[in-house]
Amino acid sequence: MPILALGNPNRRRAGFTLLELLVVMAIVAMVSAGVGFAMRDASQVQLERDAQRLAALFESARARSRVTGVPVRWHVQASGFKFEGLAAQELPNQWLDADTTVAGGAQVWLGPEPIIEPQAVVLVSRRHPNRSVRLATDGVRPFTVQ
């Protein structure tokens with residue numbers, strides 16, 4: 001009667017090892033995550049990118065206002081937006097995506113005081129008006145995308 005021992009080349013394998021199954025599951029997880037990121041809506045991504053950029057511009061204008069002591073007012077224009085109170089071309093005045101606009105006639109005051117009033121701006125997509133991103137501050141903390 002033959003005895004089967006580990007490493008015996010005559011032994012027949014049945015099934016997969018745990019390590020092989022884990023490797024396959026990891027590969028499937030990575031592929032499905034990649035597909036999920038690739039399928040994100042491009043207009044929503046552009047809107048979020050414009051909101052992040054605008055938050056950074058607000059904080060930059062707020063810091064410049066503190067240094068100079070001059071209040072800065074941000075408002076929307078037909079071709080983009082404008083920071084009044086700063087030297088011309090000191091900060092950008094165009095959206096990254098031409099599809100981005102602001103809901104309502106929003107304006108933001110970025111005064112030289114360290115604490116400003118709570119303010120919010122809602123960015124919307126022109127092609128998809130139901131998509132929006134809110135950018136807000138409580139007056140103490142920086143502007144954040146919500």
# chains A, B, ... in the order shown; residues from 1 in each chain; ligands from 1
call {"tool": "residues_around", "arguments": {"residues": "range 69-71 of chain A", "least_positions_apart": "5", "cutoff": "12 Å", "atoms": "only C-alpha atoms", "output": "compact mmCIF listing (two decimals) with C-alpha atoms, in the first residue's frame"}}
result
# COMPACT_ATOMS: atom_id res chain seq x y z
CA ALA A 61 -7.28 87.27 -1.05
CA ARG A 62 -8.18 87.20 2.65
CA ALA A 63 -4.48 87.02 3.60
CA ARG A 64 -3.59 89.85 1.21
CA PHE A 83 -11.53 90.54 -6.73
CA GLU A 84 -12.00 94.27 -6.05
CA GLY A 85 -9.47 95.84 -3.70
CA LEU A 86 -6.47 93.98 -5.09
CA ALA A 87 -4.13 95.06 -7.87
CA VAL A 108 -18.09 87.71 -0.71
CA TRP A 109 -16.39 90.24 1.56
CA LEU A 110 -12.87 89.29 2.58
CA GLY A 111 -12.13 92.14 4.96
CA PRO A 112 -8.89 92.84 6.75
CA GLU A 113 -10.36 91.74 10.08
CA PRO A 114 -9.33 88.24 11.23
CA ILE A 116 -15.45 87.89 8.92
call {"tool": "closest_residue", "arguments": {"among": "A:Gln119, A:Ala106, A:Asp99, A:Phe143", "to": "Ala42 in chain A", "atoms": "only C-alpha atoms"}}
result
A:Asp99
call {"tool": "atom_distance", "arguments": {"atom1": "CA of Gln44 in chain A", "atom2": "CA of Val31 in chain A"}}
result
22.6 Å
call {"tool": "atom_distance", "arguments": {"atom1": "CA of Leu135 in chain A", "atom2": "CA of Gln52 in chain A"}}
result
8.4 Å
call {"tool": "atom_distance", "arguments": {"atom1": "CA of Val122 in chain A", "atom2": "CA of Gln89 in chain A"}}
result
24.0 Å
call {"tool": "closest_residue", "arguments": {"among": "A:Ala88, A:Ala120, A:Ile115, A:Leu96", "to": "Leu47 in chain A", "atoms": "only C-alpha atoms"}}
result
A:Leu96
call {"tool": "residues_around", "arguments": {"residues": "Gln146 in chain A", "least_positions_apart": "5", "cutoff": "10 Å", "atoms": "only C-alpha atoms", "output": "JSON, numbers by chain"}}
result
{"A": [48, 51, 122, 132, 133, 134, 135, 136]}
call {"tool": "closest_residue", "arguments": {"among": "A:Glu59, A:Val121, A:Gly105, A:Gln77", "to": "Val140 in chain A", "atoms": "only C-alpha atoms"}}
result
A:Glu59
call {"tool": "select_by_dssp", "arguments": {"residues": "range 26-121 of chain A", "states": "strand (DSSP E)", "output": "number ranges by chain"}}
result
A: 72-77, 80-84, 100-102, 107-110, 119-121
call {"tool": "write_last_selection", "arguments": {"atoms": "N, CA and C atoms", "output": "short mmCIF file (atom, residue, chain, number, x, y, z; two decimals), in the first residue's frame"}}
result
data_model
loop_
_atom_site.label_atom_id
_atom_site.label_comp_id
_atom_site.auth_asym_id
_atom_site.auth_seq_id
_atom_site.Cartn_x
_atom_site.Cartn_y
_atom_site.Cartn_z
N VAL A 72 -11.38 93.41 0.61
CA VAL A 72 -11.47 92.82 -0.73
C VAL A 72 -12.89 92.29 -0.91
N ARG A 73 -13.48 92.60 -2.05
CA ARG A 73 -14.81 92.11 -2.39
C ARG A 73 -14.71 91.25 -3.63
N TRP A 74 -15.28 90.03 -3.54
CA TRP A 74 -15.32 89.12 -4.69
C TRP A 74 -16.75 89.11 -5.22
N HIS A 75 -16.88 89.21 -6.54
CA HIS A 75 -18.20 89.12 -7.15
C HIS A 75 -18.10 88.50 -8.53
N VAL A 76 -19.23 88.02 -8.99
CA VAL A 76 -19.31 87.33 -10.28
C VAL A 76 -19.49 88.35 -11.39
N GLN A 77 -18.85 88.09 -12.51
CA GLN A 77 -19.02 88.88 -13.73
C GLN A 77 -19.50 87.95 -14.84
N GLY A 80 -16.58 85.68 -15.79
CA GLY A 80 -15.84 84.99 -14.72
C GLY A 80 -16.16 85.60 -13.37
N PHE A 81 -15.14 86.14 -12.72
CA PHE A 81 -15.31 86.78 -11.42
C PHE A 81 -14.21 87.82 -11.22
N LYS A 82 -14.34 88.62 -10.17
CA LYS A 82 -13.37 89.70 -9.94
C LYS A 82 -13.15 89.89 -8.45
N PHE A 83 -11.90 90.18 -8.09
CA PHE A 83 -11.53 90.54 -6.73
C PHE A 83 -11.28 92.05 -6.72
N GLU A 84 -12.19 92.82 -6.14
CA GLU A 84 -12.00 94.27 -6.05
C GLU A 84 -11.25 94.59 -4.76
N THR A 100 -18.88 76.42 -15.56
CA THR A 100 -19.13 76.78 -14.16
C THR A 100 -19.71 78.19 -14.05
N THR A 101 -20.68 78.33 -13.15
CA THR A 101 -21.25 79.64 -12.84
C THR A 101 -21.67 79.63 -11.37
N VAL A 102 -22.17 80.76 -10.90
CA VAL A 102 -22.58 80.90 -9.50
C VAL A 102 -24.10 81.06 -9.45
N GLN A 107 -21.84 87.61 -3.64
CA GLN A 107 -20.63 88.37 -3.45
C GLN A 107 -20.08 88.02 -2.08
N VAL A 108 -18.76 88.09 -1.95
CA VAL A 108 -18.09 87.71 -0.71
C VAL A 108 -17.18 88.85 -0.29
N TRP A 109 -17.27 89.22 0.99
CA TRP A 109 -16.39 90.24 1.56
C TRP A 109 -15.28 89.56 2.33
N LEU A 110 -14.05 89.85 1.95
CA LEU A 110 -12.87 89.29 2.58
C LEU A 110 -12.10 90.41 3.26
N GLN A 119 -20.25 83.28 5.33
CA GLN A 119 -20.60 83.51 3.93
C GLN A 119 -20.58 82.19 3.17
N ALA A 120 -21.33 82.14 2.08
CA ALA A 120 -21.38 80.93 1.25
C ALA A 120 -21.59 81.30 -0.20
N VAL A 121 -21.06 80.47 -1.08
CA VAL A 121 -21.22 80.61 -2.52
C VAL A 121 -21.58 79.23 -3.06
#
call {"tool": "closest_residue", "arguments": {"among": "A:Ser60, A:Leu123, A:Phe16, A:Leu54", "to": "Asn93 in chain A", "atoms": "only C-alpha atoms"}}
result
A:Leu54
